[in-house]
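Trainee: Contents of upload_16.cif (mmCIF, C-alpha atoms) are below:
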data_upload
#
loop_
_atom_site.label_atom_id
_atom_site.label_comp_id
_atom_site.auth_asym_id
_atom_site.auth_seq_id
_atom_site.Cartn_x
_atom_site.Cartn_y
_atom_site.Cartn_z
CA MET O 1 87.12 87.18 97.08
CA LEU O 2 88.25 83.70 97.97
CA ARG O 3 85.62 81.01 97.59
CA PHE O 4 86.02 77.26 97.86
CA GLY O 5 84.15 74.68 95.84
CA LYS O 6 82.40 71.57 97.07
CA ASN O 7 85.69 69.66 97.26
CA GLN O 8 87.12 71.96 99.92
CA LYS O 9 86.48 69.62 102.84
CA ALA O 10 88.49 66.48 103.43
CA ARG O 11 88.09 63.60 105.82
CA ARG O 12 91.02 61.80 107.29
CA GLY O 13 91.80 58.60 105.44
CA ARG O 14 91.81 55.43 107.49
CA GLY O 15 95.57 55.14 107.07
CA ALA O 16 96.39 58.78 107.83
CA PRO O 17 97.97 59.61 111.21
CA SER O 18 95.73 61.33 113.74
CA ALA O 19 97.97 64.42 113.73
CA LEU O 20 96.50 65.23 110.34
CA ALA O 21 92.89 65.21 111.47
CA ALA O 22 92.65 69.01 111.40
CA CYS O 23 94.85 69.53 108.37
CA LEU O 24 94.96 66.45 106.17
CA VAL O 25 98.15 66.30 104.11
CA GLY O 26 98.51 69.99 103.96
CA GLY O 27 94.88 69.91 103.82
CA LEU O 28 91.99 70.91 101.83
CA ALA O 29 90.56 72.82 104.78
CA CYS O 30 93.60 75.06 105.22
CA MET O 31 95.73 74.65 102.11
CA LEU O 32 94.81 77.98 100.54
CA THR O 33 95.71 81.00 102.62
CA GLY O 34 95.19 84.73 102.48
CA VAL O 35 93.08 86.20 99.71
CA LEU O 36 93.15 85.99 95.98
CA THR O 37 94.03 89.49 94.86
CA GLY O 38 93.62 91.00 91.43
CA GLY O 39 95.26 94.37 90.86
CA ALA O 40 93.15 95.53 87.92
CA LEU O 41 89.92 94.40 89.53
CA ALA O 42 90.78 96.10 92.80
CA GLN O 43 91.61 99.36 91.01
CA GLU O 44 88.36 99.21 89.04
CA THR O 45 86.36 98.64 92.22
CA ALA O 46 88.10 101.52 94.00
CA ALA O 47 87.35 103.84 91.09
CA THR O 48 83.69 102.79 91.08
CA GLN O 49 83.39 103.34 94.81
CA GLY O 50 85.03 106.75 94.46
CA ALA O 51 82.49 107.80 91.85
CA ALA O 52 79.64 106.56 94.04
CA THR O 53 80.77 108.75 96.96
CA GLN O 54 81.71 111.84 94.92
CA GLY O 55 80.42 115.06 96.47
CA GLY O 56 80.51 113.62 99.98
CA ALA O 57 77.32 111.62 99.64
CA THR O 58 77.74 107.91 100.30
CA GLN O 59 75.43 105.53 98.50
CA GLY O 60 73.21 103.24 100.56
CA ALA O 61 74.18 99.65 101.23
CA GLU O 62 71.69 98.40 98.68
CA THR O 63 73.46 100.29 95.86
CA ALA O 64 77.07 99.96 97.04
CA PRO O 65 79.33 98.40 94.37
CA THR O 66 80.84 95.04 95.10
CA ALA O 67 84.19 93.68 93.97
CA PRO O 68 84.17 91.31 91.00
CA ALA O 69 84.38 87.73 92.23
CA LEU O 70 87.06 85.30 91.16
CA SER O 71 86.42 81.78 92.39
CA VAL O 72 89.01 79.29 93.59
CA THR O 73 88.32 75.56 93.78
CA LEU O 74 90.75 73.13 95.40
CA THR O 75 90.44 69.40 94.67
CA GLY O 76 92.50 66.63 96.25
CA PHE O 77 92.67 63.04 95.08
CA THR O 78 94.79 59.92 94.87
CA LEU O 79 95.29 57.52 91.95
CA GLU O 80 94.55 53.81 92.10
CA PRO O 81 94.91 51.16 89.37
CA VAL O 82 91.75 50.00 87.65
CA LEU O 83 91.31 46.26 88.16
CA ALA O 84 89.77 43.80 85.73
CA GLU O 85 87.19 41.22 86.82
CA ASP O 86 89.96 38.73 87.59
CA GLY O 87 91.69 41.25 89.88
CA THR O 88 94.59 42.04 87.55
CA PRO O 89 95.38 45.66 86.63
CA GLU O 90 93.93 46.89 83.37
CA LEU O 91 96.51 48.14 80.88
CA ASP O 92 96.28 50.80 78.21
CA GLU O 93 97.45 50.35 74.62
CA ASP O 94 101.01 51.18 75.66
CA GLY O 95 101.02 48.53 78.39
CA ASN O 96 100.77 51.01 81.27
CA PRO O 97 98.32 50.52 84.16
CA VAL O 98 95.05 52.41 83.80
CA MET O 99 94.68 54.71 86.80
CA ALA O 100 91.47 56.12 88.26
CA ARG O 101 91.00 59.15 90.47
CA VAL O 102 89.82 58.54 94.02
CA ALA O 103 88.49 61.50 95.99
CA LEU O 104 90.67 62.32 98.98
CA GLU O 105 87.84 61.68 101.43
CA ASP O 106 87.48 58.17 100.00
CA SER O 107 91.21 57.39 99.91
CA VAL O 108 93.21 55.26 102.32
CA ILE O 109 96.41 57.26 102.85
CA VAL O 110 99.57 55.89 104.46
CA PRO O 111 103.13 57.27 104.61
CA GLY O 112 104.75 57.13 101.20
CA ASP O 113 101.48 57.67 99.32
CA ARG O 114 101.25 60.47 96.78
CA ILE O 115 98.39 62.97 96.91
CA HIS O 116 97.48 65.14 93.95
CA TYR O 117 95.98 68.62 94.13
CA GLU O 118 94.36 70.83 91.52
CA ILE O 119 93.62 74.52 92.07
CA THR O 120 91.22 76.01 89.54
CA LEU O 121 90.94 79.78 89.21
CA ASP O 122 87.85 80.99 87.40
CA ASN O 123 87.20 84.53 86.22
CA PRO O 124 83.49 84.85 85.39
CA THR O 125 83.66 88.65 85.20
CA PRO O 126 83.53 90.71 81.98
CA GLU O 127 87.02 92.09 82.61
CA ALA O 128 90.45 90.47 82.62
CA ALA O 129 92.02 90.03 86.07
CA THR O 130 95.67 91.00 86.46
CA ASP O 131 98.42 90.57 89.04
CA LEU O 132 96.80 87.57 90.69
CA SER O 133 98.50 86.07 93.75
CA LEU O 134 97.52 82.95 95.67
CA GLY O 135 99.16 81.27 98.66
CA ALA O 136 99.18 77.55 99.45
CA GLN O 137 100.41 76.06 102.72
CA ILE O 138 102.67 73.01 102.69
CA ALA O 139 102.26 71.04 105.92
CA PRO O 140 105.36 69.52 107.56
CA GLU O 141 103.72 66.09 107.25
CA VAL O 142 104.09 66.13 103.47
CA LEU O 143 106.90 66.52 100.95
CA LEU O 144 106.21 68.73 97.94
CA ASP O 145 107.59 67.68 94.56
CA PRO O 146 108.13 71.01 92.72
CA PHE O 147 108.70 69.22 89.42
CA THR O 148 105.05 68.03 89.46
CA ILE O 149 103.75 71.61 89.44
CA THR O 150 101.97 72.48 86.21
CA GLY O 151 100.00 75.53 85.16
CA PRO O 152 99.92 78.45 82.74
CA GLU O 153 103.23 79.25 81.05
CA ASP O 154 103.34 82.74 82.57
CA MET O 155 102.84 81.43 86.13
CA ALA O 156 105.53 82.32 88.68
CA LEU O 157 106.33 80.30 91.82
CA ALA O 158 107.96 81.37 95.07
CA TRP O 159 108.40 79.68 98.43
CA SER O 160 109.00 80.57 102.08
CA ASP O 161 109.73 78.68 105.30
CA ALA O 162 108.46 78.87 108.87
CA GLU O 163 111.39 80.98 110.09
CA ALA O 164 110.82 83.72 107.52
CA PRO O 165 107.25 83.31 106.23
CA GLU O 166 107.28 86.75 104.56
CA LEU O 167 110.52 86.12 102.66
CA PHE O 168 109.62 84.51 99.35
CA ARG O 169 112.28 83.12 97.04
CA PRO O 170 111.97 81.66 93.53
CA VAL O 171 111.27 77.93 93.38
CA PHE O 172 113.11 77.60 90.06
CA GLU O 173 115.88 79.51 88.33
CA VAL O 174 117.17 79.08 84.80
CA VAL O 175 120.98 79.16 84.64
CA GLU O 176 122.66 78.79 81.24
CA GLY O 177 119.58 77.11 79.84
CA GLU O 178 119.26 74.65 82.72
CA THR O 179 116.35 74.80 85.18
CA LEU O 180 117.53 74.56 88.78
CA MET O 181 115.24 73.86 91.73
CA LEU O 182 116.13 76.24 94.59
CA ALA O 183 113.50 75.43 97.23
CA ASP O 184 114.47 73.61 100.43
CA LEU O 185 111.98 70.74 100.43
CA ASP O 186 112.52 69.99 104.13
CA THR O 187 111.63 73.51 105.29
CA ILE O 188 109.19 74.83 102.68
CA ARG O 189 105.91 75.73 104.34
CA GLN O 190 104.27 78.07 101.88
CA LEU O 191 103.99 78.30 98.13
CA ARG O 192 103.05 81.55 96.40
CA ILE O 193 101.56 81.34 92.92
CA THR O 194 101.28 84.47 90.79
CA LEU O 195 99.61 84.99 87.43
CA PRO O 196 100.02 88.23 85.47
CA ARG O 197 96.65 87.90 83.75
CA LEU O 198 93.50 85.81 83.61
CA ALA O 199 91.21 86.70 80.74
CA SER O 200 87.50 87.36 81.10
CA ALA O 201 85.37 84.20 81.23
CA ALA O 202 88.55 82.12 81.43
CA ALA O 203 89.86 79.54 83.88
CA ALA O 204 93.34 78.37 84.83
CA THR O 205 94.29 75.10 86.51
CA ILE O 206 97.39 74.61 88.65
CA ALA O 207 98.29 71.06 89.66
CA TYR O 208 100.93 69.60 91.96
CA SER O 209 101.64 66.52 94.05
CA VAL O 210 102.86 65.85 97.58
CA THR O 211 103.97 62.71 99.35
CA LEU O 212 102.86 61.84 102.87
CA ARG O 213 105.97 61.44 105.01
#
Would you mind writing the structure in this file as structure tokens?

Mentor:
Amino acid sequence: MLRFGKNQKARRGRGAPSALAACLVGGLACMLTGVLTGGALAQETAATQGAATQGGATQGAETAPTAPALSVTLTGFTLEPVLAEDGTPELDEDGNPVMARVALEDSVIVPGDRIHYEITLDNPTPEAATDLSLGAQIAPEVLLDPFTITGPEDMALAWSDAEAPELFRPVFEVVEGETLMLADLDTIRQLRITLPRLASAAAATIAYSVTLR
């Protein structure tokens, strides 16, 4: 099951080009694609359904088992400096500007601005979910920075382009101890995120940033 949270919808910022009205910066309305699949959960559900129909008798709709639900929430935001009463930026103890989150629908976005996304996967079920896969579209109006992607250590990333959307290739590869970025940032249109396991009653957050071209 793929379910969005309250932050799914986005409004076009006053500085965003009209071409992004339907799909703002890769957009909250269409960023996540396909379905969130969990191998272990799907197998468990299939086994339960098989038991329910054993002997050729199918249970009624009111007693039919339903698949465990994993929820997915996508949040988009920008960062703006916090200003003191005199209009100067507030600084932290290290002398760096203090930044505040601004919801995407309240942000003024112009080319060159960076937009931040967080995808939160939540497993409220009593069983661990395994072999999770999630797709995220990357609109041509934005440039993904793969080095901003953070998440669980066992997360795997792959990418595809518009010419071969089904052909996924690793985003990163470690060669002789050095991490190399293999994705073509000009043509990447889809990001696939896979997690081998998400424990029961656990959540995982995946974050990344894009820049409006």

Trainee: Here's the selection I'm unsure about, the PyMOL selection byres ((chain O and resi 76) around 8); applied to the file above, which residues does it give, as JSON, numbers by chain?

Mentor: {"O": [7, 28, 74, 75, 77, 78, 103, 104, 115, 116, 117, 118]}

Trainee: Which residues would end up in the selection if the PyMOL selection byres ((chain O and resi 144) around 8) were applied here, given that I need the answer as a list in words?

Mentor: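 When the PyMOL selection byres ((chain O and resi 144) around 8) is applied to the shown file, the picked residues are Ile138, Val142, Leu143, Asp145, Pro146, Leu185, Ser209, Val210 and Thr211 of chain O.
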
Trainee: So which residues get picked by the PyMOL selection byres ((chain O and resi 162) around 8) here, written as a PyMOL selection string?

Mentor: chain O and resi 160-161+163-165+187-189

Trainee: Can I get the selected residues back with C-alpha atoms, as a compact mmCIF listing (two decimals), in the coordinates of the input?

Mentor:
# COMPACT_ATOMS: atom_id res chain seq x y z
CA SER O 160 109.00 80.57 102.08
CA ASP O 161 109.73 78.68 105.30
CA GLU O 163 111.39 80.98 110.09
CA ALA O 164 110.82 83.72 107.52
CA PRO O 165 107.25 83.31 106.23
CA THR O 187 111.63 73.51 105.29
CA ILE O 188 109.19 74.83 102.68
CA ARG O 189 105.91 75.73 104.34

Trainee: I'd like the interatomic distance between CA of Thr130 (chain O) and CA of Val171 (chain O), to a tenth of an Å.

Mentor: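 Separation between CA of Thr130 (chain O) and CA of Val171 (chain O): 21.5 Å.
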
Trainee: Have a look at CA of Pro89 (chain O) and CA of Thr150 (chain O) and let me know their distance in Å, one decimal.

Mentor: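 Atom-to-atom, CA of Pro89 (chain O) to CA of Thr150 (chain O), that is 27.6 Å.
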
Trainee: Let me make sure I understand: among O:Ala203, O:Ile149, O:Val175, O:Leu191, which one has the smallest atom-to-atom distance to Thr73 (chain O) if we use all atoms listed in the file?

Mentor: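 Comparing O:Ala203, O:Ile149, O:Val175, O:Leu191 against Thr73 (chain O), the winner is O:Ala203.
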
Trainee: Within 8 Å of Met99 (chain O), counting all atoms listed in the file, which residues show up once you throw out same-chain ones fewer than 5 positions away? Write them as a list in words, please.

Mentor: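 Non-adjacent residues within range: Leu79, Glu80, Pro81 and Val82 of chain O.
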
Trainee: Taking all atoms of region 156-168 of chain O that the file lists and extending 3 Å past them on each side, where is the centre of the axis-aligned box and how long are its edges? Answer in Å to one decimal, as AutoDock Vina command-line options.

Mentor:
--center_x 108.5 --center_y 82.7 --center_z 99.4 --size_x 11.9 --size_y 14.1 --size_z 27.4

Trainee: Could you jot down the CA of Asp122 (chain O) to CA of Leu198 (chain O) separation for me, Å, one decimal place?

Mentor: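 Result for CA of Asp122 (chain O) versus CA of Leu198 (chain O): 8.3 Å, one decimal.
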
Trainee: O:Val108, O:Leu134, O:Leu70, O:Leu91: which is nearest Ala156 (chain O), counting all atoms listed in the file?

Mentor: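 Looking only at the distances to Ala156 (chain O), the closest residue turns out to be O:Leu134.
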
Trainee: Out of O:Thr205, O:Thr194, O:Ala129, O:Glu141, which residue has the shortest atom-to-atom distance to Val110 (chain O) when counting only C-alpha atoms?

Mentor: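 Among the listed residues, O:Glu141 lies closest to Val110 (chain O).
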
Trainee: For Phe172 (chain O), please output as a PyMOL selection string all residues within 12 Å (counting all atoms listed in the file; exclusion window: fewer than 3 positions along the same chain).

Mentor: chain O and resi 146-147+149+155-159+169+175+178-184
